[in-house]
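Working notes, beginning with the structure itself.
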Amino acid sequence: MAAVTSTASLCPAAAGGGLTPSSAFRPKPSSHRRLQLPPATTTACHCLPARAEGLDRREALLGIVLSATAAPALFAADGALAAEAITELQEGFTMYEDEANKFSIAVPQGWLIGAGESSGIKSVTAFYPEQAADSNVSVAITGIGPDFTSLRSFGDVDAFAEGLVNGLDRSWQRPPGLAAKLVDSKAANGLYYVEYTLQNPGERRRHILSAIGMAFNGWYNRLYTVTGQYIDDEESEKYKPQIEKAVRSFRLT
């Protein structure tokens with residue numbers, strides 16, 4: 001497998017806008033070549049969590065989720081899912097199983113994979129079609145405190161979704177900034193599902209599908225943020241059914 005050796009991180013606060021360099025995605029042992037990233041646009045990110053002191057539980061957890069929602073835009077050489085980590089499914093999907101991080105997700109066959117770490121995030125695994133890296137699905141895992149015992153620590157799913165989207169929205173500024181709009185939210189399968197859109201002025205609208213879950217690994221609680229995204233245009237929307245199915249298929253194991 002020729003795996004990802006470099007990446008750029010797409011902050012929700014600048015979705016579809018500036019790409020800022022982040023930690024490189026580490027490849028699994030294999031032959032590979034390093035690709036040159038395109039020039040990055042400097043964009044300040046204000047969605048990373050502040051220190052927890054003085055914040056209530058919902059605000060602290062929301063800050064973690066806002067940072068984890070930054071699904072990566074990947075640039076990589078030709079690659080494919082590692083054979084030892086997948087199980088064939090019907091209808092053009094492959095089951096990716098991460099035994100170390102205790103999750104599984106159905107991924108469209110032929111999509112590439114990158115795995116690595118970023119500041120404040122213990123693990124990031126991303127899946128994307130070779131032809132359109134801005135359409136992708138990622139799984140980010142962050143550690144959280146022992147007093148955060150369940151998703152109810154966020155409040156109910158509707159309150160959480162509204163807080164998430166309102167925390168991103170800057171359309172009220174003058175001049176207007178990022179516009180974030182909530183599409184849907186629901187709780188199912190022990191997860192919170194949130195669907196929303198992001199659009200910077202003058203840029204294409206980005207559609208986001210997220211699933212949020214929590215689990216304990218024997219040492220600390222972990223927050224899982226699954227993010228599927230695609231651009232709302234005719235070319236990228238062909239990935240919509242695949243991304244929706246991938247996000248819905250996510251399970252903690």
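If you're wondering about the labels, chains in the structure tokens are A, B, ... by order shown, residues count from 1 in each chain, ligands from 1 in order shown.
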Practice prompt. From stretch 141-185 of chain A, collect each residue whose DSSP state is strand (DSSP E) and return the set as an NGL selection string.
Written response: :A and (141-144 or 179-185)
Closest atom pairs, residues of stretch 192-215 of chain A within 8 Å of stretch 223-243 of chain A, only C-alpha atoms, as JSON lines:
```
{"residue": "A:Arg204", "atom": "CA", "partner": "A:Ile231", "partner_atom": "CA", "distance": 6.7}
{"residue": "A:Arg205", "atom": "CA", "partner": "A:Asp232", "partner_atom": "CA", "distance": 5.6}
{"residue": "A:Arg206", "atom": "CA", "partner": "A:Ile231", "partner_atom": "CA", "distance": 4.6}
{"residue": "A:His207", "atom": "CA", "partner": "A:Tyr230", "partner_atom": "CA", "distance": 5.4}
{"residue": "A:Ile208", "atom": "CA", "partner": "A:Gln229", "partner_atom": "CA", "distance": 4.6}
{"residue": "A:Leu209", "atom": "CA", "partner": "A:Gly228", "partner_atom": "CA", "distance": 4.9}
{"residue": "A:Ser210", "atom": "CA", "partner": "A:Thr227", "partner_atom": "CA", "distance": 4.5}
{"residue": "A:Ala211", "atom": "CA", "partner": "A:Val226", "partner_atom": "CA", "distance": 5.0}
{"residue": "A:Ile212", "atom": "CA", "partner": "A:Thr225", "partner_atom": "CA", "distance": 4.8}
{"residue": "A:Gly213", "atom": "CA", "partner": "A:Tyr224", "partner_atom": "CA", "distance": 5.0}
{"residue": "A:Met214", "atom": "CA", "partner": "A:Leu223", "partner_atom": "CA", "distance": 4.7}
{"residue": "A:Ala215", "atom": "CA", "partner": "A:Leu223", "partner_atom": "CA", "distance": 6.8}
```
Discussion item. Would you compute the distance between atom CA of A:Asp147 and atom CA of A:Glu99? Give it in Å to one decimal.
Written reply: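 Result for atom CA of A:Asp147 versus atom CA of A:Glu99: 25.5 Å, one decimal.
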Practice prompt. Within 6 Å of A:Ala126, counting only C-alpha atoms, which residues show up once you throw out same-chain ones fewer than 3 positions away? Write them as number ranges by chain, please.
Written response: A: 113-114, 137-138
Emit the selected residues as a JSON list (two decimals), in the first residue's frame, including N, CA, C and O atoms.
```json
[["chain", "number", "residue", "atom", "x", "y", "z"],
["A", 113, "ILE", "N", -6.67, 5.58, 2.22],
["A", 113, "ILE", "CA", -6.70, 5.74, 3.66],
["A", 113, "ILE", "C", -5.45, 6.46, 4.15],
["A", 113, "ILE", "O", -4.36, 6.26, 3.62],
["A", 114, "GLY", "N", -5.63, 7.31, 5.15],
["A", 114, "GLY", "CA", -4.51, 7.94, 5.83],
["A", 114, "GLY", "C", -4.75, 7.86, 7.32],
["A", 114, "GLY", "O", -5.89, 7.91, 7.77],
["A", 137, "VAL", "N", -14.28, 10.95, 4.52],
["A", 137, "VAL", "CA", -14.81, 10.56, 5.82],
["A", 137, "VAL", "C", -13.62, 10.39, 6.76],
["A", 137, "VAL", "O", -12.62, 9.76, 6.38],
["A", 138, "SER", "N", -13.69, 10.95, 7.95],
["A", 138, "SER", "CA", -12.60, 10.80, 8.91],
["A", 138, "SER", "C", -13.14, 10.38, 10.27],
["A", 138, "SER", "O", -14.29, 10.67, 10.61]]
```
Item to complete: Please provide as a PyMOL selection string all residues within 12 Å of A:Ala188, with the sequence filter that same-chain residues fewer than 5 positions apart are discarded (counting only C-alpha atoms).
Response: chain A and resi 151+156-157+193-194+211-213+248-251
Store the residues picked out above in a file with C-alpha atoms, as an mmCIF file, in the first residue's frame.
```cif
data_model
loop_
_atom_site.group_PDB
_atom_site.id
_atom_site.type_symbol
_atom_site.label_atom_id
_atom_site.label_comp_id
_atom_site.auth_asym_id
_atom_site.auth_seq_id
_atom_site.Cartn_x
_atom_site.Cartn_y
_atom_site.Cartn_z
ATOM 1 C CA LEU A 151 -23.026 11.679 25.549
ATOM 2 C CA ASP A 156 -29.529 16.082 24.543
ATOM 3 C CA VAL A 157 -28.769 15.714 20.859
ATOM 4 C CA TYR A 193 -25.855 12.285 14.490
ATOM 5 C CA VAL A 194 -25.607 15.892 13.274
ATOM 6 C CA ALA A 211 -21.556 10.944 14.252
ATOM 7 C CA ILE A 212 -20.371 11.423 17.856
ATOM 8 C CA GLY A 213 -19.743 8.585 20.320
ATOM 9 C CA ARG A 248 -24.214 5.652 9.410
ATOM 10 C CA SER A 249 -22.221 2.397 9.453
ATOM 11 C CA PHE A 250 -19.801 3.548 12.179
ATOM 12 C CA ARG A 251 -19.889 1.380 15.310
#
```
Worksheet entry | Point-to-point distance from atom CA of A:Leu168 to atom CA of A:Val183, Å rounded to tenths |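 Between these atoms lies a distance of 14.0 Å.
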